[in-house]
>>> print(open('start-v7.txt').read())   # compact mmCIF, C-alpha atoms
# COMPACT_ATOMS: atom_id res chain seq x y z
CA MET A 243 52.44 159.54 90.03
CA TYR A 244 53.07 160.33 86.38
CA THR A 245 50.75 162.26 84.08
CA GLN A 246 52.73 161.41 80.95
CA ASP A 247 54.51 158.32 79.66
CA TYR A 248 57.41 157.69 82.08
CA TYR A 249 59.85 156.77 79.31
CA SER A 250 59.16 159.99 77.41
CA ILE A 251 60.23 162.24 80.31
CA GLU A 252 63.43 164.22 79.76
CA TRP A 253 64.70 164.24 83.32
CA ALA A 254 67.50 166.72 82.73
CA ARG A 255 64.94 169.35 81.73
CA GLN A 256 62.82 169.01 84.88
CA GLY A 257 65.09 170.99 87.25
CA ASN A 258 62.83 174.04 87.19
CA ASN A 259 59.54 172.28 86.51
CA VAL A 260 57.77 173.40 89.68
CA CYS A 261 54.10 174.25 90.13
CA LYS A 262 53.75 178.07 90.34
CA VAL A 263 51.98 178.06 93.72
CA ASP A 264 54.88 176.10 95.21
CA LEU A 265 57.55 178.38 93.76
CA TYR A 266 58.47 180.42 96.85
CA ALA A 267 62.18 180.88 96.09
CA PRO A 268 63.01 180.51 92.37
CA HIS A 269 66.53 179.29 91.55
CA SER A 270 69.09 182.01 90.89
CA ALA A 271 70.72 182.25 87.44
CA LEU A 272 74.02 181.39 89.18
CA PHE A 273 72.53 178.18 90.57
CA ASP A 274 71.01 177.16 87.22
CA GLY A 275 74.37 177.87 85.53
CA LEU A 276 76.27 175.77 88.07
CA ASN A 277 73.75 172.96 87.55
CA VAL A 278 74.56 172.87 83.85
CA ILE A 279 78.30 172.66 84.58
CA LEU A 280 77.88 170.04 87.32
CA ALA A 281 75.65 167.92 85.08
CA GLN A 282 78.53 167.82 82.58
CA TYR A 283 81.01 167.00 85.34
CA GLU A 284 78.82 164.05 86.43
CA LYS A 285 79.63 162.41 83.10
CA CYS A 286 83.36 162.42 83.85
CA SER A 287 83.74 162.74 87.64
CA LEU A 288 87.20 162.09 89.04
CA PRO A 289 87.07 158.67 90.78
CA PRO A 290 89.38 159.50 93.76
CA LEU A 291 87.52 162.77 94.40
CA ARG A 292 84.16 160.99 94.14
CA ARG A 293 85.27 158.26 96.54
CA ALA A 294 86.49 160.82 99.08
CA ALA A 295 83.26 162.82 98.76
CA LEU A 296 81.07 159.74 99.21
CA LYS A 297 83.11 158.70 102.24
CA ARG A 298 82.67 162.16 103.79
CA VAL A 299 78.92 162.18 103.08
CA TYR A 300 78.52 158.65 104.47
CA ASP A 301 80.35 159.68 107.68
CA LEU A 302 77.96 162.61 108.15
CA ILE A 303 74.94 160.32 107.57
CA LEU A 304 76.32 157.91 110.18
CA THR A 305 76.82 160.84 112.60
CA GLU A 306 73.22 161.99 112.17
CA ASP A 307 71.91 158.42 112.71
CA ASP A 308 74.00 158.02 115.88
CA ASN A 309 73.07 161.42 117.28
CA THR A 310 69.32 160.91 116.89
CA ASP A 311 69.02 157.20 117.67
CA PHE A 312 68.12 156.63 113.99
CA GLN A 313 65.20 159.08 113.98
CA ASP A 314 67.12 161.81 112.15
CA LEU A 315 65.93 165.37 111.72
CA GLY A 316 62.66 164.22 110.16
CA PRO A 317 61.15 161.35 108.19
CA VAL A 318 62.46 162.68 104.87
CA ASN A 319 66.17 162.29 105.60
CA LYS A 320 65.40 159.35 107.90
CA MET A 321 63.98 157.26 105.05
CA MET A 322 66.81 158.19 102.68
CA ASN A 323 69.48 157.57 105.34
CA PHE A 324 67.73 154.20 105.80
CA ILE A 325 68.28 153.39 102.12
CA VAL A 326 71.93 154.47 102.34
CA ARG A 327 72.56 152.30 105.39
CA TRP A 328 70.80 149.37 103.69
CA HIS A 329 72.93 149.91 100.60
CA VAL A 330 76.26 150.33 102.43
CA ASP A 331 75.85 148.37 105.68
CA GLY A 332 73.49 145.71 104.36
CA PRO A 333 70.13 144.33 105.53
CA GLU A 334 71.72 142.24 108.30
CA SER A 335 73.52 145.18 109.90
CA ASP A 336 72.62 146.64 113.28
CA ALA A 337 72.21 150.07 111.64
CA PHE A 338 69.61 148.74 109.19
CA LYS A 339 67.66 146.98 111.95
CA ARG A 340 67.66 150.05 114.19
CA HIS A 341 66.49 152.21 111.28
CA ARG A 342 63.70 149.74 110.54
CA ARG A 343 62.50 149.76 114.16
CA ARG A 344 62.43 153.57 114.33
CA ARG A 345 60.30 153.85 111.20
CA ALA A 346 57.16 153.03 113.20
CA ASP A 347 57.66 156.19 115.30
CA PHE A 348 56.55 158.37 112.38
CA MET A 349 53.50 156.35 111.31
CA TRP A 350 49.96 156.72 112.53
CA LEU A 351 46.56 155.78 111.21
CA GLY A 352 44.09 158.58 110.56
CA LYS A 353 40.68 158.34 108.95
CA GLU A 354 42.33 158.96 105.57
CA GLY A 355 44.71 156.03 105.96
CA MET A 356 48.37 155.74 106.94
CA MET A 357 49.88 159.11 107.81
CA MET A 358 53.37 160.30 108.56
CA THR A 359 54.43 162.86 111.15
CA GLY A 360 57.30 165.34 110.92
CA THR A 361 58.87 164.08 114.17
CA ASN A 362 58.22 161.12 116.44
CA GLY A 363 55.49 163.13 118.14
CA SER A 364 54.91 166.44 119.93
CA GLN A 365 55.19 165.11 123.49
CA LEU A 366 57.12 167.98 125.09
CA TRP A 367 55.02 170.62 123.38
CA ASP A 368 51.78 168.98 124.58
CA ILE A 369 52.87 168.27 128.15
CA ALA A 370 54.42 171.73 128.63
CA PHE A 371 51.19 173.52 127.71
CA ILE A 372 48.95 171.07 129.59
CA SER A 373 51.10 171.57 132.70
CA GLN A 374 50.97 175.35 132.43
CA ALA A 375 47.18 175.29 131.92
CA ILE A 376 46.43 173.09 134.94
CA VAL A 377 48.60 175.28 137.17
CA GLU A 378 47.19 178.58 135.87
CA SER A 379 43.59 177.38 136.16
CA GLY A 380 44.10 176.25 139.75
CA LEU A 381 43.23 172.64 138.87
CA ALA A 382 46.75 171.54 139.81
CA ALA A 383 46.09 172.59 143.41
CA GLU A 384 43.33 170.01 143.83
CA GLU A 385 44.44 166.84 145.57
CA PRO A 386 42.91 164.40 142.99
CA ASN A 387 45.11 166.02 140.30
CA ARG A 388 48.30 165.84 142.31
CA ALA A 389 49.40 162.44 140.96
CA SER A 390 49.03 163.74 137.38
CA CYS A 391 51.07 166.85 138.17
CA VAL A 392 53.85 164.73 139.67
CA LYS A 393 53.81 162.46 136.60
CA ALA A 394 54.03 165.46 134.26
CA LEU A 395 56.99 166.79 136.25
CA GLU A 396 58.67 163.38 136.20
CA TRP A 397 58.23 163.27 132.44
CA LEU A 398 59.70 166.77 132.05
CA ASP A 399 62.62 165.65 134.23
CA GLN A 400 63.34 162.75 131.88
CA ALA A 401 62.74 164.78 128.70
CA GLN A 402 65.40 167.42 129.34
CA ILE A 403 68.50 166.71 127.25
CA LYS A 404 71.33 166.12 129.71
CA GLY A 405 74.32 166.40 127.38
CA ASN A 406 75.50 167.36 123.92
CA THR A 407 75.28 165.01 120.93
CA MET A 408 77.44 161.88 120.67
CA HIS A 409 79.58 163.41 117.91
CA PHE A 410 79.52 166.99 119.26
CA GLY A 411 82.12 169.22 117.64
CA LYS A 412 82.29 167.18 114.43
CA ASP A 413 78.61 167.15 113.53
CA TYR A 414 77.82 170.87 112.98
CA ARG A 415 75.20 170.65 115.72
CA HIS A 416 74.26 173.36 118.21
CA GLN A 417 74.73 172.56 121.89
CA SER A 418 71.84 170.52 123.30
CA LYS A 419 72.85 170.23 126.96
CA GLY A 420 70.02 171.70 129.02
CA ALA A 421 67.52 171.93 126.14
CA TRP A 422 64.05 170.47 125.88
CA PRO A 423 63.27 169.00 122.46
CA PHE A 424 59.94 169.16 120.58
CA SER A 425 59.24 165.47 121.15
CA THR A 426 61.60 163.22 123.12
CA PRO A 427 65.27 163.58 124.13
CA ALA A 428 66.52 160.76 121.87
CA GLN A 429 65.57 162.90 118.87
CA SER A 430 68.23 165.25 120.29
CA TYR A 431 67.53 168.49 118.41
CA THR A 432 67.59 171.66 120.51
CA VAL A 433 64.58 173.93 120.00
CA SER A 434 64.61 177.34 121.68
CA ASP A 435 60.85 177.76 122.18
CA CYS A 436 60.42 174.15 123.36
CA THR A 437 63.20 174.74 125.90
CA ALA A 438 61.38 177.88 127.05
CA GLU A 439 58.02 176.11 127.41
CA GLY A 440 59.61 173.08 129.09
CA LEU A 441 61.41 175.27 131.62
CA LYS A 442 58.26 177.32 132.24
CA ALA A 443 56.26 174.12 132.89
CA VAL A 444 58.93 172.94 135.34
CA LEU A 445 58.94 176.29 137.16
CA TYR A 446 55.14 176.15 137.39
CA LEU A 447 54.90 172.56 138.65
CA GLN A 448 57.95 172.55 140.86
CA GLU A 449 58.13 176.11 142.23
CA HIS A 450 55.04 178.21 141.47
CA LEU A 451 52.46 175.61 142.51
CA GLU A 452 53.20 176.41 146.15
CA CYS A 453 51.85 179.97 145.67
CA VAL A 454 48.83 178.62 143.76
CA LEU A 455 48.04 176.29 146.66
CA GLN A 456 48.20 179.15 149.16
CA THR A 457 45.83 181.18 146.97
CA PHE A 458 43.29 178.49 146.10
CA HIS A 459 43.20 176.48 149.32
CA THR A 460 40.48 177.56 151.73
CA ARG A 461 42.41 176.31 154.72
CA PRO A 462 45.96 176.98 155.87
CA ALA A 463 48.63 174.34 155.35
CA ARG A 464 48.52 171.48 157.88
CA ASN A 465 52.26 171.74 158.41
CA SER A 466 54.99 174.05 157.22
CA ASP A 467 56.02 171.96 154.18
CA GLU A 468 52.63 170.61 153.05
CA PHE A 469 52.39 173.02 150.14
CA SER A 470 56.08 173.18 149.30
CA SER A 471 56.27 169.35 149.06
CA PHE A 472 53.09 169.02 146.94
CA THR A 473 55.35 168.15 144.00
CA PRO A 474 58.93 166.86 144.36
CA LYS A 475 61.95 169.02 143.43
CA LEU A 476 63.25 166.91 140.55
CA ILE A 477 65.03 169.46 138.39
CA SER A 478 68.00 171.11 140.09
CA LYS A 479 68.77 174.80 139.86
CA GLN A 480 71.89 173.90 137.83
CA ARG A 481 69.75 172.16 135.20
CA MET A 482 67.43 175.17 134.99
CA CYS A 483 70.50 177.34 134.46
CA ASP A 484 71.61 174.95 131.68
CA ALA A 485 68.22 175.51 130.00
CA VAL A 486 68.63 179.29 130.27
CA ASP A 487 72.19 179.01 128.89
CA VAL A 488 71.06 177.09 125.82
CA MET A 489 68.27 179.62 125.15
CA LEU A 490 70.69 182.56 125.44
CA SER A 491 73.15 180.78 123.15
CA LEU A 492 70.51 180.82 120.41
CA GLN A 493 70.35 184.61 120.05
CA ASN A 494 71.55 185.83 116.67
CA SER A 495 73.60 189.00 116.22
CA ASP A 496 70.48 190.79 114.90
CA GLY A 497 68.74 190.22 118.25
CA GLY A 498 66.32 187.52 117.12
CA PHE A 499 66.27 184.04 118.58
CA ALA A 500 66.88 181.05 116.32
CA SER A 501 64.67 177.98 116.63
CA TYR A 502 67.30 175.27 115.97
CA GLU A 503 70.66 176.83 115.31
CA LEU A 504 72.34 180.19 114.77
CA ILE A 505 72.77 181.85 111.38
CA ARG A 506 76.06 180.38 110.21
CA GLY A 507 76.45 181.38 106.57
CA PRO A 508 76.48 184.71 104.73
CA GLN A 509 73.36 186.03 103.00
CA TRP A 510 74.77 185.39 99.50
CA LEU A 511 74.52 181.62 100.11
CA GLU A 512 70.82 182.07 99.26
CA LEU A 513 71.99 182.29 95.63
CA LEU A 514 72.86 178.59 95.88
CA ASN A 515 69.63 177.55 97.61
CA PRO A 516 68.35 174.53 95.67
CA ALA A 517 64.96 174.32 97.44
CA GLU A 518 62.18 176.31 95.75
CA VAL A 519 59.33 175.29 98.01
CA PHE A 520 60.32 177.04 101.25
CA GLY A 521 59.68 180.74 101.79
CA THR A 522 62.38 182.53 103.77
CA MET B 115 70.48 167.03 106.10
CA VAL B 116 68.23 166.01 103.24
CA TYR B 117 70.91 166.61 100.63
CA LEU B 118 73.38 164.28 102.39
CA PRO B 119 71.59 161.01 101.54
CA MET B 120 70.40 162.46 98.21
CA SER B 121 74.02 163.23 97.28
CA TYR B 122 75.18 159.81 98.40
CA LEU B 123 72.51 157.94 96.43
CA TYR B 124 73.02 160.04 93.30
CA GLY B 125 76.79 160.21 93.60
CA SER B 126 77.07 156.43 93.91
CA ARG B 127 74.45 155.93 91.17
CA PHE B 128 72.29 153.83 93.49
CA LYS B 129 69.58 151.94 91.64
CA ALA B 130 66.83 149.72 92.97
CA LYS B 131 65.87 146.62 91.00
CA GLU B 132 62.89 147.32 88.74
CA THR B 133 60.19 145.19 90.29
CA ASP B 134 56.59 144.80 89.15
CA LEU B 135 55.57 147.25 91.86
CA ILE B 136 58.03 149.91 90.68
CA LEU B 137 57.02 149.39 87.05
CA SER B 138 53.34 149.69 87.95
CA LEU B 139 54.04 153.02 89.71
CA ARG B 140 55.26 154.39 86.36
CA GLU B 141 51.95 153.87 84.66
CA VAL B 142 50.16 157.06 83.65
CA ARG B 143 47.25 157.74 85.96
CA THR B 144 45.21 160.69 87.13
CA TYR B 145 44.64 161.59 90.75
CA ALA B 146 41.00 160.48 90.56
CA MET B 147 42.04 156.99 89.47
CA ILE B 148 44.01 156.33 92.66
CA PRO B 149 42.20 154.48 95.45
CA LEU B 150 43.71 156.41 98.37
CA ILE B 151 42.26 153.94 100.86
CA SER B 152 41.68 150.50 99.48
CA THR B 153 38.48 148.80 100.65
CA GLU B 154 40.61 145.81 101.57
CA PHE B 155 42.61 147.96 104.00
CA VAL B 156 39.54 149.45 105.68
CA SER B 157 37.68 146.16 106.15
CA SER B 158 40.72 144.19 107.27
CA GLY B 159 41.11 146.21 110.48
CA ILE B 160 44.88 145.84 110.20
CA VAL B 161 46.54 148.45 112.36
CA TYR B 162 49.99 148.25 110.80
CA PRO B 163 49.75 147.02 107.23
CA GLY B 164 52.76 146.12 105.09
CA LEU B 165 54.21 149.36 103.89
CA LEU B 166 55.10 150.21 100.35
CA PHE B 167 58.68 150.66 101.44
CA ASP B 168 58.76 147.13 102.91
CA ARG B 169 57.77 145.69 99.58
CA VAL B 170 60.33 147.77 97.71
CA GLY B 171 62.99 146.79 100.25
CA GLN B 172 62.21 143.09 100.07
CA ALA B 173 62.27 143.14 96.30
CA GLY B 174 65.71 144.78 96.28
>>> encode(input="start-v7.txt", output="structure tokens")
Amino acid sequence: MYTQDYYSIEWARQGNNVCKVDLYAPHSALFDGLNVILAQYEKCSLPPLRRAALKRVYDLILTEDDNTDFQDLGPVNKMMNFIVRWHVDGPESDAFKRHRRRRADFMWLGKEGMMMTGTNGSQLWDIAFISQAIVESGLAAEEPNRASCVKALEWLDQAQIKGNTMHFGKDYRHQSKGAWPFSTPAQSYTVSDCTAEGLKAVLYLQEHLECVLQTFHTRPARNSDEFSSFTPKLISKQRMCDAVDVMLSLQNSDGGFASYELIRGPQWLELLNPAEVFGT
Amino acid sequence: MVYLPMSYLYGSRFKAKETDLILSLREVRTYAMIPLISTEFVSSGIVYPGLLFDRVGQAG
């Protein structure tokens, strides 16, 4: 959407043209200076260096596509990775077709028209809290709700990420074995609070429900394992320990817990932060 | 993650063919002039209409 004649825009001068209310982290003078130098370099880039850099970048794009089953971290890099794969691999390639199929995961129709979500949903987040609420309220202990509780537990069983990413070790990704993601396991990104809520929901449905049944039921159990077998034991103790391990692995040296990955770079890297629109 | 494909597309000087659709997007317009939901879209009842990106992709 352009408010002035497109052909009159001086693109090189737009680097710091950001609406004031969106300017959370202004560029540093160092970053602006480097931009000027790099813009000059772009006019005479060294072909072998450029080829090697593009190859390296393409490999990392391919890694991200593989790791996330073509969903990528979010729709922003997903759509641009899609263009790259179309450009490099071509419209007949398997990569292009898989990207095209995954695009629908982010789209939904609201009353204002076609909308786009930040991930392919919030399935784990929703089911974890629903599960905790039905157990805490006592509703889970009622026989008509048993089938739903078992289904929620079965879903949580399938949603836990069972291993690390396909390119683990070369993809700069945090361990994901044992984690619960925000949406579905194919998306593959570890999230510490989602892992916590997922594990809590499993503990509630699989272990704690027995105590709830003893409290809420007006009659004693018909046989010794009636309450303990109300829901099946689908998630092994080892897998719960894996979830705890991944949560502990996300503690930074300052004591805080990271959401996706640990702090990896020094503070001064903020001087080279190109994004103005995110507050830190 | 976002800068990877941005770097690739800029570094390789990727360019899409200038189609009528792309050229029309460059026209000066104010926010108020844009029909955010076209009446055609609402009355058609289509659940998954052709996306802008589809049309750009097909043209390229």
>>> atom_distance(input="start-v7.txt", atom1="CA of Phe348 (chain A)", atom2="CA of Phe520 (chain A)")
22.1 Å
>>> interface_residues(input="start-v7.txt", of="chain B", to="chain A", cutoff="7 Å", atoms="all atoms listed in the file", output="list in words")
Met115, Val116, Leu118, Pro119, Tyr122, Leu123, Leu139, Arg140, Glu141, Val142, Arg143, Thr144 and Ile151 of chain B
>>> closest_residue(input="start-v7.txt", among="A:Thr457, A:Asn494, A:Gln400, A:Thr310", to="Gly380 (chain A)", atoms="all atoms listed in the file")
A:Thr457
>>> atom_distance(input="start-v7.txt", atom1="CA of Glu385 (chain A)", atom2="CA of Leu366 (chain A)")
24.1 Å
>>> closest_residue(input="start-v7.txt", among="A:Ser250, A:Gln313, A:Ser373, A:Ser434", to="Val392 (chain A)", atoms="only C-alpha atoms")
A:Ser373
>>> atom_distance(input="start-v7.txt", atom1="CA of Glu449 (chain A)", atom2="CA of Thr473 (chain A)")
8.6 Å
>>> residues_around(input="start-v7.txt", residues="Leu447 (chain A)", least_positions_apart="2", cutoff="12 Å", atoms="only C-alpha atoms", output="ChimeraX atom specification")
/A:369-378,380-383,387-399,440-445,449-455,469-477
>>> decode(input="start-v7.txt", residues="region 116-155 of chain B", atoms="N, CA and C atoms", output="mmCIF file, in the first residue's frame")
data_model
loop_
_atom_site.group_PDB
_atom_site.id
_atom_site.type_symbol
_atom_site.label_atom_id
_atom_site.label_comp_id
_atom_site.auth_asym_id
_atom_site.auth_seq_id
_atom_site.Cartn_x
_atom_site.Cartn_y
_atom_site.Cartn_z
ATOM 1 N N VAL B 116 13.938 -15.309 9.940
ATOM 2 C CA VAL B 116 13.309 -14.465 8.913
ATOM 3 C C VAL B 116 14.369 -13.895 7.967
ATOM 4 N N TYR B 117 15.553 -13.608 8.535
ATOM 5 C CA TYR B 117 16.594 -13.010 7.695
ATOM 6 C C TYR B 117 17.216 -14.010 6.726
ATOM 7 N N LEU B 118 17.072 -15.307 6.993
ATOM 8 C CA LEU B 118 17.643 -16.299 6.065
ATOM 9 C C LEU B 118 17.035 -16.161 4.673
ATOM 10 N N PRO B 119 15.699 -16.332 4.538
ATOM 11 C CA PRO B 119 15.136 -16.193 3.183
ATOM 12 C C PRO B 119 15.243 -14.765 2.638
ATOM 13 N N MET B 120 15.188 -13.764 3.540
ATOM 14 C CA MET B 120 15.343 -12.377 3.063
ATOM 15 C C MET B 120 16.725 -12.201 2.437
ATOM 16 N N SER B 121 17.762 -12.739 3.138
ATOM 17 C CA SER B 121 19.128 -12.627 2.621
ATOM 18 C C SER B 121 19.260 -13.352 1.299
ATOM 19 N N TYR B 122 18.655 -14.544 1.233
ATOM 20 C CA TYR B 122 18.778 -15.316 -0.003
ATOM 21 C C TYR B 122 18.168 -14.553 -1.174
ATOM 22 N N LEU B 123 16.931 -14.054 -0.952
ATOM 23 C CA LEU B 123 16.212 -13.399 -2.057
ATOM 24 C C LEU B 123 16.913 -12.108 -2.472
ATOM 25 N N TYR B 124 17.431 -11.361 -1.474
ATOM 26 C CA TYR B 124 18.134 -10.121 -1.828
ATOM 27 C C TYR B 124 19.499 -10.440 -2.434
ATOM 28 N N GLY B 125 20.201 -11.360 -1.785
ATOM 29 C CA GLY B 125 21.555 -11.697 -2.239
ATOM 30 C C GLY B 125 21.591 -12.283 -3.640
ATOM 31 N N SER B 126 20.516 -12.968 -4.035
ATOM 32 C CA SER B 126 20.477 -13.530 -5.394
ATOM 33 C C SER B 126 19.725 -12.604 -6.346
ATOM 34 N N ARG B 127 19.331 -11.437 -5.846
ATOM 35 C CA ARG B 127 18.593 -10.441 -6.642
ATOM 36 C C ARG B 127 17.349 -11.060 -7.290
ATOM 37 N N PHE B 128 16.611 -11.806 -6.457
ATOM 38 C CA PHE B 128 15.372 -12.422 -6.948
ATOM 39 C C PHE B 128 14.381 -11.341 -7.340
ATOM 40 N N LYS B 129 13.713 -11.565 -8.465
ATOM 41 C CA LYS B 129 12.725 -10.600 -8.947
ATOM 42 C C LYS B 129 11.539 -11.352 -9.518
ATOM 43 N N ALA B 130 10.346 -10.959 -9.116
ATOM 44 C CA ALA B 130 9.154 -11.567 -9.717
ATOM 45 C C ALA B 130 8.801 -10.774 -10.968
ATOM 46 N N LYS B 131 8.169 -11.436 -11.920
ATOM 47 C CA LYS B 131 7.731 -10.757 -13.142
ATOM 48 C C LYS B 131 6.686 -9.714 -12.770
ATOM 49 N N GLU B 132 6.776 -8.535 -13.380
ATOM 50 C CA GLU B 132 5.803 -7.485 -13.064
ATOM 51 C C GLU B 132 4.500 -7.778 -13.792
ATOM 52 N N THR B 133 3.551 -8.311 -13.056
ATOM 53 C CA THR B 133 2.253 -8.626 -13.660
ATOM 54 C C THR B 133 1.297 -7.457 -13.447
ATOM 55 N N ASP B 134 0.129 -7.552 -14.046
ATOM 56 C CA ASP B 134 -0.881 -6.497 -13.871
ATOM 57 C C ASP B 134 -1.246 -6.349 -12.399
ATOM 58 N N LEU B 135 -1.300 -7.496 -11.714
ATOM 59 C CA LEU B 135 -1.659 -7.460 -10.291
ATOM 60 C C LEU B 135 -0.609 -6.690 -9.491
ATOM 61 N N ILE B 136 0.677 -7.013 -9.733
ATOM 62 C CA ILE B 136 1.753 -6.330 -9.010
ATOM 63 C C ILE B 136 1.746 -4.837 -9.337
ATOM 64 N N LEU B 137 1.568 -4.514 -10.612
ATOM 65 C CA LEU B 137 1.546 -3.099 -10.999
ATOM 66 C C LEU B 137 0.380 -2.374 -10.335
ATOM 67 N N SER B 138 -0.764 -3.060 -10.230
ATOM 68 C CA SER B 138 -1.929 -2.392 -9.626
ATOM 69 C C SER B 138 -1.709 -2.168 -8.132
ATOM 70 N N LEU B 139 -0.900 -3.017 -7.488
ATOM 71 C CA LEU B 139 -0.614 -2.846 -6.056
ATOM 72 C C LEU B 139 0.229 -1.593 -5.808
ATOM 73 N N ARG B 140 0.900 -1.111 -6.856
ATOM 74 C CA ARG B 140 1.765 0.064 -6.697
ATOM 75 C C ARG B 140 1.007 1.379 -6.831
ATOM 76 N N GLU B 141 -0.251 1.279 -7.179
ATOM 77 C CA GLU B 141 -1.014 2.521 -7.332
ATOM 78 C C GLU B 141 -1.203 3.186 -5.971
ATOM 79 N N VAL B 142 -1.160 4.527 -5.983
ATOM 80 C CA VAL B 142 -1.342 5.264 -4.734
ATOM 81 C C VAL B 142 -2.791 5.119 -4.291
ATOM 82 N N ARG B 143 -2.974 4.716 -3.038
ATOM 83 C CA ARG B 143 -4.334 4.642 -2.513
ATOM 84 C C ARG B 143 -4.309 4.861 -1.009
ATOM 85 N N THR B 144 -5.405 5.345 -0.492
ATOM 86 C CA THR B 144 -5.502 5.542 0.956
ATOM 87 C C THR B 144 -6.190 4.320 1.551
ATOM 88 N N TYR B 145 -6.032 4.193 2.848
ATOM 89 C CA TYR B 145 -6.610 3.037 3.552
ATOM 90 C C TYR B 145 -8.114 2.932 3.280
ATOM 91 N N ALA B 146 -8.789 4.103 3.315
ATOM 92 C CA ALA B 146 -10.245 4.111 3.180
ATOM 93 C C ALA B 146 -10.706 3.605 1.810
ATOM 94 N N MET B 147 -9.801 3.701 0.823
ATOM 95 C CA MET B 147 -10.188 3.295 -0.537
ATOM 96 C C MET B 147 -10.166 1.775 -0.720
ATOM 97 N N ILE B 148 -9.578 1.056 0.258
ATOM 98 C CA ILE B 148 -9.392 -0.382 0.053
ATOM 99 C C ILE B 148 -10.592 -1.188 0.551
ATOM 100 N N PRO B 149 -11.223 -1.946 -0.348
ATOM 101 C CA PRO B 149 -12.329 -2.794 0.109
ATOM 102 C C PRO B 149 -11.748 -4.024 0.803
ATOM 103 N N LEU B 150 -11.691 -3.989 2.145
ATOM 104 C CA LEU B 150 -11.031 -5.072 2.885
ATOM 105 C C LEU B 150 -11.732 -6.408 2.676
ATOM 106 N N ILE B 151 -13.060 -6.375 2.586
ATOM 107 C CA ILE B 151 -13.775 -7.599 2.210
ATOM 108 C C ILE B 151 -14.602 -7.234 0.984
ATOM 109 N N SER B 152 -14.330 -7.876 -0.117
ATOM 110 C CA SER B 152 -15.107 -7.555 -1.299
ATOM 111 C C SER B 152 -16.483 -8.183 -1.160
ATOM 112 N N THR B 153 -17.497 -7.514 -1.699
ATOM 113 C CA THR B 153 -18.869 -8.028 -1.613
ATOM 114 C C THR B 153 -18.964 -9.364 -2.344
ATOM 115 N N GLU B 154 -18.150 -9.508 -3.375
ATOM 116 C CA GLU B 154 -18.137 -10.744 -4.151
ATOM 117 C C GLU B 154 -17.737 -11.919 -3.251
ATOM 118 N N PHE B 155 -16.733 -11.673 -2.412
ATOM 119 C CA PHE B 155 -16.197 -12.706 -1.515
ATOM 120 C C PHE B 155 -17.242 -13.118 -0.474
#
